[in-house]
$ cat coords_24.tsv   # TSV, C-alpha atoms
chain	number	residue	atom	x	y	z
A	33	GLU	CA	184.67	86.86	77.52
A	34	SER	CA	182.35	84.79	79.72
A	35	ARG	CA	179.46	86.72	78.17
A	36	LEU	CA	180.60	85.69	74.69
A	37	ILE	CA	181.05	82.04	75.72
A	38	ASN	CA	177.58	82.04	77.30
A	39	ALA	CA	176.09	83.50	74.11
A	40	ALA	CA	178.00	81.01	71.98
A	41	VAL	CA	176.96	77.89	73.87
A	42	ASN	CA	173.90	78.45	76.06
A	43	GLN	CA	171.99	81.11	74.14
A	44	THR	CA	172.66	79.49	70.78
A	45	ARG	CA	171.27	76.24	72.16
A	46	ARG	CA	168.26	78.14	73.49
A	47	LEU	CA	167.42	79.32	69.98
A	48	LEU	CA	167.15	75.71	68.84
A	49	ASP	CA	165.17	74.66	71.92
A	50	ASN	CA	162.70	77.45	71.12
A	51	GLY	CA	162.16	76.03	67.65
A	52	ILE	CA	164.44	78.36	65.68
A	53	THR	CA	166.46	76.13	63.39
A	54	SER	CA	168.24	78.68	61.16
A	55	VAL	CA	169.61	82.15	61.90
A	56	MET	CA	171.73	84.88	60.35
A	57	ASP	CA	174.29	86.41	62.68
A	58	THR	CA	174.46	89.88	61.21
A	59	GLY	CA	177.91	90.85	62.44
A	60	GLY	CA	179.83	90.11	65.61
A	61	LEU	CA	182.96	88.77	67.23
A	62	ILE	CA	181.92	85.14	67.57
A	63	GLY	CA	179.40	84.31	64.84
A	64	LEU	CA	181.89	82.68	62.48
A	65	HIS	CA	183.40	80.59	65.30
A	66	VAL	CA	179.98	79.53	66.60
A	67	ARG	CA	178.96	78.49	63.08
A	68	ASP	CA	182.10	76.39	62.73
A	69	ALA	CA	181.63	74.77	66.15
A	70	LEU	CA	178.02	73.90	65.24
A	71	GLU	CA	179.05	72.46	61.89
A	72	LYS	CA	181.62	70.24	63.60
A	73	GLY	CA	179.08	69.11	66.20
A	74	PHE	CA	180.97	70.53	69.21
A	75	VAL	CA	177.83	72.36	70.36
A	76	LYS	CA	174.14	72.07	69.52
A	77	GLY	CA	172.25	74.92	67.96
A	78	PRO	CA	170.60	76.23	64.81
A	79	ARG	CA	172.10	76.44	61.34
A	80	VAL	CA	174.10	79.69	61.34
A	81	MET	CA	174.99	82.05	58.51
A	82	ALA	CA	177.50	84.56	59.86
A	83	ALA	CA	178.71	87.90	58.52
A	84	GLY	CA	181.91	88.28	60.54
A	85	SER	CA	182.69	91.92	61.30
A	86	TYR	CA	180.25	94.46	59.91
A	87	LEU	CA	181.79	97.27	57.88
A	88	SER	CA	181.42	100.88	58.93
A	89	PRO	CA	182.97	104.25	58.11
A	90	THR	CA	184.91	106.07	60.83
A	91	GLY	CA	182.40	107.64	63.22
A	92	GLY	CA	179.69	105.37	61.84
A	93	HIS	CA	177.47	102.81	63.49
A	94	GLY	CA	180.20	100.15	63.64
A	95	ASP	CA	182.65	102.51	65.38
A	96	ASN	CA	182.78	102.45	69.17
A	97	GLN	CA	182.79	106.22	69.41
A	98	GLY	CA	183.49	106.27	73.15
A	99	LEU	CA	186.97	104.77	72.72
A	100	PRO	CA	190.13	106.18	71.11
A	101	LEU	CA	190.04	105.69	67.34
A	102	GLU	CA	193.35	103.80	67.24
A	103	TRP	CA	191.97	101.20	69.66
A	104	VAL	CA	188.91	100.65	67.51
A	105	LYS	CA	191.02	100.39	64.35
A	106	GLU	CA	193.19	97.84	66.14
A	107	GLY	CA	190.02	95.82	66.69
A	108	ARG	CA	190.55	95.08	70.36
A	109	PRO	CA	187.72	92.70	71.35
A	110	PHE	CA	185.95	94.59	74.12
A	111	GLY	CA	182.59	93.03	73.30
A	112	TRP	CA	179.64	94.67	71.55
A	113	GLY	CA	180.59	97.87	69.78
A	114	MET	CA	184.07	96.55	69.02
A	115	ASP	CA	182.94	94.12	66.37
A	116	GLY	CA	182.88	96.58	63.49
A	117	ARG	CA	185.62	96.87	60.87
A	118	LEU	CA	186.26	100.52	60.01
A	119	ALA	CA	186.78	101.15	56.30
A	120	ASP	CA	186.80	104.53	54.55
A	121	GLY	CA	187.06	105.04	50.79
A	122	VAL	CA	186.84	102.50	47.99
A	123	PRO	CA	190.26	100.77	48.42
A	124	GLU	CA	189.71	100.21	52.16
A	125	CYS	CA	186.13	99.01	51.55
A	126	LEU	CA	187.42	96.48	49.01
A	127	ALA	CA	190.10	95.28	51.44
A	128	ALA	CA	187.66	95.02	54.37
A	129	THR	CA	185.16	93.05	52.28
A	130	ARG	CA	187.88	90.64	51.15
A	131	GLU	CA	188.99	90.18	54.77
A	132	GLN	CA	185.49	89.00	55.72
A	133	LEU	CA	185.36	86.70	52.69
A	134	ARG	CA	188.78	85.30	53.62
A	135	ALA	CA	187.32	84.49	57.05
A	136	ARG	CA	184.56	82.52	55.24
A	137	ALA	CA	181.78	85.02	55.91
A	138	ASP	CA	178.45	83.77	54.55
A	139	PHE	CA	177.33	87.30	53.69
A	140	ILE	CA	178.57	90.87	54.17
A	141	LYS	CA	177.00	93.34	56.60
A	142	ILE	CA	177.54	97.09	56.24
A	143	CYS	CA	176.35	100.21	58.06
A	144	THR	CA	174.98	102.69	55.54
A	145	GLY	CA	173.20	104.85	58.11
A	146	GLY	CA	173.44	105.92	61.73
A	147	GLY	CA	172.10	104.10	64.76
A	148	GLY	CA	168.75	104.24	66.50
A	149	GLY	CA	169.34	106.06	69.79
A	150	SER	CA	172.92	106.98	68.82
A	151	THR	CA	174.16	110.43	69.82
A	152	VAL	CA	177.27	110.78	67.60
A	153	ASP	CA	175.66	109.49	64.42
A	154	PRO	CA	171.85	109.71	64.62
A	155	ALA	CA	169.86	107.28	62.50
A	156	TRP	CA	169.08	109.83	59.75
A	157	ILE	CA	172.76	110.31	58.77
A	158	PRO	CA	173.77	108.41	55.60
A	159	GLU	CA	177.15	106.81	56.26
A	160	TYR	CA	178.60	105.38	53.06
A	161	THR	CA	178.83	106.93	49.61
A	162	LEU	CA	177.37	105.22	46.57
A	163	ASP	CA	180.89	104.43	45.31
A	164	GLU	CA	181.86	102.77	48.59
A	165	ILE	CA	178.67	100.70	48.69
A	166	GLY	CA	179.09	99.66	45.04
A	167	ALA	CA	182.68	98.54	45.69
A	168	ILE	CA	181.57	96.32	48.59
A	169	THR	CA	178.60	94.75	46.80
A	170	GLY	CA	180.68	94.21	43.63
A	171	VAL	CA	183.24	92.05	45.43
A	172	ALA	CA	180.63	90.26	47.55
A	173	HIS	CA	178.52	89.38	44.50
A	174	ASP	CA	181.63	88.15	42.67
A	175	TRP	CA	182.01	85.68	45.53
A	176	GLY	CA	178.34	84.71	45.43
A	177	ARG	CA	177.53	86.43	48.73
A	178	LYS	CA	174.64	88.73	49.57
A	179	VAL	CA	175.09	92.11	51.24
A	180	MET	CA	172.92	93.37	54.10
A	181	ALA	CA	172.82	97.06	55.08
A	182	HIS	CA	171.90	98.52	58.45
A	183	CYS	CA	169.89	101.68	57.75
A	184	TYR	CA	166.62	103.39	58.63
A	185	TYR	CA	166.05	106.54	56.59
A	186	PRO	CA	165.27	107.22	52.90
A	187	GLU	CA	168.66	108.54	51.72
A	188	SER	CA	170.59	105.66	53.30
A	189	ILE	CA	168.09	103.18	51.83
A	190	ARG	CA	168.32	104.84	48.41
A	191	ARG	CA	172.12	104.64	48.34
A	192	SER	CA	172.09	101.05	49.62
A	193	VAL	CA	169.64	99.85	46.98
A	194	LEU	CA	171.26	101.75	44.10
A	195	GLY	CA	174.63	100.45	45.32
A	196	GLY	CA	173.47	96.86	44.93
A	197	VAL	CA	172.61	95.89	48.52
A	198	ASP	CA	170.39	92.77	48.65
A	199	ILE	CA	168.91	93.10	52.15
A	200	VAL	CA	168.03	96.19	54.19
A	201	THR	CA	167.79	95.61	57.93
A	202	HIS	CA	165.57	97.98	59.97
A	203	GLY	CA	164.37	100.23	57.12
A	204	ASN	CA	161.37	101.40	59.08
A	205	MET	CA	161.70	105.11	58.24
A	206	ALA	CA	161.40	104.50	54.49
A	207	ASP	CA	159.31	106.96	52.47
A	208	ASP	CA	157.21	106.14	49.40
A	209	ALA	CA	160.10	106.74	46.98
A	210	SER	CA	162.51	104.44	48.83
A	211	ILE	CA	159.80	101.77	49.19
A	212	ASP	CA	159.15	101.94	45.44
A	213	LEU	CA	162.88	101.65	44.75
A	214	MET	CA	163.21	98.56	46.98
A	215	LYS	CA	160.19	97.03	45.24
A	216	GLU	CA	161.68	97.75	41.81
A	217	LYS	CA	165.07	96.22	42.69
A	218	GLY	CA	163.71	93.25	44.64
A	219	THR	CA	165.38	94.37	47.88
A	220	GLN	CA	164.46	92.25	50.90
A	221	VAL	CA	163.78	93.91	54.26
A	222	VAL	CA	164.35	92.64	57.79
A	223	PRO	CA	162.61	94.99	60.25
A	224	THR	CA	163.50	94.68	63.93
A	225	MET	CA	160.69	95.35	66.37
A	226	ALA	CA	161.46	93.22	69.42
A	227	VAL	CA	164.39	95.34	70.61
A	228	TYR	CA	162.28	98.53	70.45
A	229	GLU	CA	159.34	96.82	72.14
A	230	ARG	CA	161.56	95.65	75.00
A	231	ILE	CA	163.29	99.04	75.38
A	232	HIS	CA	159.89	100.76	75.34
A	233	ARG	CA	158.62	98.48	78.10
A	234	MET	CA	161.75	98.90	80.21
A	235	ARG	CA	162.60	102.56	79.58
A	236	PRO	CA	159.96	104.48	77.60
A	237	GLU	CA	162.06	107.66	78.02
A	238	SER	CA	165.07	106.14	76.19
A	239	PRO	CA	166.16	107.94	72.97
A	240	ALA	CA	165.89	104.56	71.25
A	241	SER	CA	162.11	104.79	71.83
A	242	GLU	CA	161.79	107.78	69.48
A	243	MET	CA	160.91	105.53	66.52
A	244	TYR	CA	158.47	103.45	68.53
A	245	GLU	CA	155.38	105.55	67.79
A	246	THR	CA	155.68	105.11	64.01
A	247	LEU	CA	157.47	101.75	63.98
A	248	PHE	CA	154.58	99.36	63.42
A	249	GLY	CA	152.64	101.50	60.97
A	250	ASN	CA	155.76	102.00	58.87
A	251	ILE	CA	156.47	98.27	58.79
A	252	ARG	CA	152.86	97.70	57.71
A	253	ARG	CA	153.56	99.99	54.72
A	254	LEU	CA	156.59	97.86	53.78
A	255	TYR	CA	154.43	94.73	53.95
A	256	ASP	CA	151.54	96.25	52.00
A	257	ALA	CA	153.98	97.31	49.27
A	258	GLY	CA	154.64	93.62	48.62
A	259	LEU	CA	158.25	93.60	49.85
A	260	THR	CA	159.69	90.34	51.19
A	261	LEU	CA	159.97	90.85	54.97
A	262	ALA	CA	161.65	88.40	57.33
A	263	VAL	CA	161.94	88.11	61.11
A	264	GLY	CA	164.88	89.93	62.71
A	265	THR	CA	165.27	91.01	66.31
A	266	ASP	CA	168.41	93.15	66.81
A	267	THR	CA	168.99	90.91	69.81
A	268	MET	CA	172.56	90.75	71.12
A	269	GLY	CA	172.13	88.34	74.01
A	270	GLY	CA	172.38	89.64	77.57
A	271	ILE	CA	169.17	91.38	78.66
A	272	PHE	CA	167.61	90.59	75.26
A	273	PRO	CA	168.12	86.82	75.11
A	274	PHE	CA	168.46	85.11	71.74
A	275	GLY	CA	165.62	82.68	72.39
A	276	GLY	CA	163.08	85.51	72.50
A	277	SER	CA	162.89	85.84	68.71
A	278	ALA	CA	159.25	84.68	68.62
A	279	LEU	CA	158.21	88.00	70.20
A	280	GLU	CA	158.71	89.40	66.71
A	281	LEU	CA	155.96	87.10	65.38
A	282	GLU	CA	153.54	88.29	68.05
A	283	LEU	CA	154.32	91.94	67.18
A	284	TYR	CA	153.66	91.25	63.49
A	285	VAL	CA	150.16	90.16	64.55
A	286	SER	CA	149.30	92.45	67.49
A	287	LYS	CA	150.97	95.67	66.28
A	288	VAL	CA	151.52	95.40	62.51
A	289	GLY	CA	148.15	93.73	61.93
A	290	LEU	CA	149.12	90.59	60.02
A	291	SER	CA	147.20	87.36	60.44
A	292	PRO	CA	149.01	84.65	62.43
A	293	LEU	CA	149.57	82.64	59.24
A	294	GLU	CA	151.02	85.69	57.43
A	295	ALA	CA	153.38	86.22	60.36
A	296	ILE	CA	154.46	82.57	60.29
A	297	VAL	CA	155.23	82.85	56.55
A	298	VAL	CA	157.38	85.91	57.34
A	299	GLY	CA	159.19	83.81	59.97
A	300	THR	CA	159.67	80.68	57.83
A	301	LEU	CA	159.55	80.90	54.02
A	302	ASN	CA	160.55	84.57	53.89
A	303	GLY	CA	163.45	84.01	56.26
A	304	ALA	CA	164.65	81.21	53.98
A	305	LYS	CA	164.39	83.57	50.99
A	306	VAL	CA	166.48	86.23	52.73
A	307	MET	CA	169.08	83.58	53.61
A	308	GLY	CA	169.05	82.48	49.98
A	309	LEU	CA	168.12	78.96	51.11
A	310	ASP	CA	164.45	78.75	50.11
A	311	ASP	CA	165.31	75.81	47.82
A	312	VAL	CA	166.02	73.71	50.94
A	313	LEU	CA	164.30	75.58	53.81
A	314	GLY	CA	161.14	77.47	54.69
A	315	THR	CA	158.38	75.01	53.75
A	316	VAL	CA	157.59	71.35	54.39
A	317	GLU	CA	158.27	69.71	51.02
A	318	VAL	CA	159.89	66.58	49.66
A	319	GLY	CA	163.60	67.19	49.10
A	320	LYS	CA	163.94	70.03	51.63
A	321	TYR	CA	165.74	69.77	54.97
A	322	ALA	CA	163.62	68.19	57.70
A	323	ASP	CA	163.41	71.23	59.96
A	324	LEU	CA	160.17	70.78	61.89
A	325	VAL	CA	158.76	72.18	65.13
A	326	LEU	CA	155.99	70.40	67.05
A	327	VAL	CA	154.06	72.73	69.37
A	328	GLU	CA	151.43	72.08	72.01
A	329	LYS	CA	149.21	75.07	71.24
A	330	ASN	CA	147.95	76.15	67.82
A	331	PRO	CA	149.92	79.30	66.91
A	332	LEU	CA	147.17	80.26	64.44
A	333	GLU	CA	144.96	80.77	67.50
A	334	ASP	CA	147.67	82.04	69.90
A	335	ILE	CA	150.79	83.33	68.18
A	336	GLY	CA	152.23	84.34	71.57
A	337	SER	CA	152.41	80.68	72.62
A	338	LEU	CA	155.51	80.26	70.44
A	339	GLN	CA	157.46	82.31	72.99
A	340	ASP	CA	156.92	79.72	75.71
A	341	GLU	CA	159.59	77.03	75.55
A	342	GLU	CA	157.29	74.63	77.42
A	343	HIS	CA	154.87	74.65	74.47
A	344	VAL	CA	157.63	73.57	72.07
A	345	LYS	CA	157.52	69.78	72.36
A	346	LEU	CA	159.85	68.60	69.60
A	347	VAL	CA	162.39	70.27	67.34
A	348	LEU	CA	163.92	68.56	64.32
A	349	ARG	CA	166.89	70.10	62.57
A	350	ASP	CA	168.00	68.23	59.46
A	351	GLY	CA	165.87	65.32	60.63
A	352	GLU	CA	167.72	65.08	63.93
A	353	VAL	CA	165.74	65.40	67.15
$ encode --input "coords_24.tsv" --output "structure tokens"
Amino acid sequence: ESRLINAAVNQTRRLLDNGITSVMDTGGLIGLHVRDALEKGFVKGPRVMAAGSYLSPTGGHGDNQGLPLEWVKEGRPFGWGMDGRLADGVPECLAATREQLRARADFIKICTGGGGGSTVDPAWIPEYTLDEIGAITGVAHDWGRKVMAHCYYPESIRRSVLGGVDIVTHGNMADDASIDLMKEKGTQVVPTMAVYERIHRMRPESPASEMYETLFGNIRRLYDAGLTLAVGTDTMGGIFPFGGSALELELYVSKVGLSPLEAIVVGTLNGAKVMGLDDVLGTVEVGKYADLVLVEKNPLEDIGSLQDEEHVKLVLRDGEV
């Protein structure tokens, strides 16, 4: 629990101090509570959109497969890996989605494919049927909420997009057909490179490194296809601190091959589009929220400088210093 409190207070504050003024918490035990505490002014941090528990089939990526199934279904809060809500079949998927909406979730997160580095459900396994996905997105869209799907491989992406999912997170194993389908349907994509970069540096032999060789080239294909990409990190606190999100910008430049300005657009305007808030966020314009970051070094010359908190001299969120 101390780890969760630390993430809620200290690491959330660190995001803001690093110049990150808006984030999506894509499923977890504390995101909704942190958002509420921030809104009430109890703690300082970025604007938070939270998904609540992410939905997963039994044995899927939101199931802590090392624990007895009845414990997981009970939802005992053991920390990461216990923050999924298991739902199988259309009626349960409808109920689980409504539970998150009842808890005031800002969007719905689902697992439509296996996990990178997972042994029980490898990343290539598709994990929800088209009917289950369609049931979830139908209710979420009725409530005016977007749906984000965790998936990597073509079949999971295909089902997600045809099922009405708005945002694919990861998505880096997409083939030409699934890229074309996302383009046709206007699906937004949030790749996550920082977690793989850090794992590769720490433990190159880790099974989670298996995607590393093709990761950056595949994300370049998503970008070149004209898809809206935003910055995501797959960071869960702990050894991958929340404030390190700017590493993603550097990887977009050094590994994916974008210009610094293109990377900054991915991290600002595109992020606002994925949040559905580009009418008030993402660019400096009259009538938008005054979210501004003043930095000592020019990130167009050194994109890596954005990772150094000492170079961030002033952060405004909603006009407040």
$ closest_atom_pairs --input "coords_24.tsv" --of "range 170-232 of chain A" --to "range 239-263 of chain A" --cutoff "9 Å" --atoms "only C-alpha atoms" --output "Markdown table"
| residue | atom | partner | partner_atom | distance |
| --- | --- | --- | --- | --- |
| A:Gly203 | CA | A:Ile251 | CA | 8.3 |
| A:Asn204 | CA | A:Asn250 | CA | 5.6 |
| A:Met205 | CA | A:Asn250 | CA | 6.7 |
| A:Ala206 | CA | A:Asn250 | CA | 7.6 |
| A:Asp207 | CA | A:Asn250 | CA | 8.8 |
| A:Asp208 | CA | A:Arg253 | CA | 8.9 |
| A:Ile211 | CA | A:Leu254 | CA | 6.8 |
| A:Asp212 | CA | A:Ala257 | CA | 7.9 |
| A:Met214 | CA | A:Leu259 | CA | 7.6 |
| A:Lys215 | CA | A:Leu259 | CA | 6.1 |
| A:Gly218 | CA | A:Leu259 | CA | 7.6 |
| A:Thr219 | CA | A:Leu259 | CA | 7.4 |
| A:Gln220 | CA | A:Thr260 | CA | 5.1 |
| A:Val221 | CA | A:Leu261 | CA | 4.9 |
| A:Val222 | CA | A:Ala262 | CA | 5.0 |
| A:Pro223 | CA | A:Val263 | CA | 7.0 |
| A:Thr224 | CA | A:Val263 | CA | 7.3 |
| A:Met225 | CA | A:Leu247 | CA | 7.6 |
| A:Tyr228 | CA | A:Ser241 | CA | 6.4 |
| A:Glu229 | CA | A:Tyr244 | CA | 7.6 |
| A:Ile231 | CA | A:Ser241 | CA | 6.9 |
| A:His232 | CA | A:Ser241 | CA | 5.8 |
$ closest_residue --input "coords_24.tsv" --among "A:Val325, A:Leu309, A:Val152, A:Leu48" --to "Gly94 in chain A" --atoms "only C-alpha atoms"
A:Val152
$ atom_distance --input "coords_24.tsv" --atom1 "CA of Gly98 in chain A" --atom2 "CA of Cys125 in chain A"
22.9 Å
$ atom_distance --input "coords_24.tsv" --atom1 "CA of Glu71 in chain A" --atom2 "CA of Asp198 in chain A"
25.7 Å
$ atom_distance --input "coords_24.tsv" --atom1 "CA of Leu194 in chain A" --atom2 "CA of Val104 in chain A"
29.3 Å
$ residues_around --input "coords_24.tsv" --residues "Arg46 in chain A" --least-positions-apart "5" --cutoff "8 Å" --atoms "all atoms listed in the file" --output "list in words"
Gly77, Phe274 and Gly275 of chain A
$ write_last_selection --input "coords_24.tsv" --atoms "C-alpha atoms" --output "PDB file, in the frame of the given file"
ATOM      1  CA  GLY A  77     172.250  74.920  67.960  1.00  0.00           C
ATOM      2  CA  PHE A 274     168.460  85.110  71.740  1.00  0.00           C
ATOM      3  CA  GLY A 275     165.620  82.680  72.390  1.00  0.00           C
TER       4      GLY A 275
END
$ residues_around --input "coords_24.tsv" --residues "Asp153 in chain A" --least-positions-apart "4" --cutoff "8 Å" --atoms "all atoms listed in the file" --output "ChimeraX atom specification"
/A:91-93,146-147,157
$ closest_residue --input "coords_24.tsv" --among "A:Met268, A:Val298, A:Leu338, A:Ala226" --to "Leu283 in chain A" --atoms "all atoms listed in the file"
A:Ala226
$ closest_atom_pairs --input "coords_24.tsv" --of "range 181-288 of chain A" --to "range 167-175 of chain A" --cutoff "12 Å" --atoms "all atoms listed in the file" --output "Markdown table"
| residue | atom | partner | partner_atom | distance |
| --- | --- | --- | --- | --- |
| A:Ala181 | CA | A:Thr169 | CA | 10.4 |
| A:Arg191 | CA | A:Thr169 | CA | 11.9 |
| A:Ser192 | CA | A:Thr169 | CA | 9.5 |
| A:Val193 | CA | A:Thr169 | CA | 10.3 |
| A:Leu194 | CA | A:Thr169 | CA | 10.5 |
| A:Gly195 | CA | A:Thr169 | CA | 7.1 |
| A:Gly196 | CA | A:Thr169 | CA | 5.9 |
| A:Val197 | CA | A:Thr169 | CA | 6.3 |
| A:Asp198 | CA | A:Thr169 | CA | 8.6 |
| A:Ile199 | CA | A:Thr169 | CA | 11.2 |
$ residues_around --input "coords_24.tsv" --residues "Gly51 in chain A" --least-positions-apart "5" --cutoff "10 Å" --atoms "all atoms listed in the file" --output "list in words"
Arg46, Pro78, Gly275, Ser277, Ala278, Asp323, Leu324, Val325, Leu326, Val327, Leu338, Gln339, Glu341, Val344, Lys345, Leu346, Val347, Leu348 and Arg349 of chain A
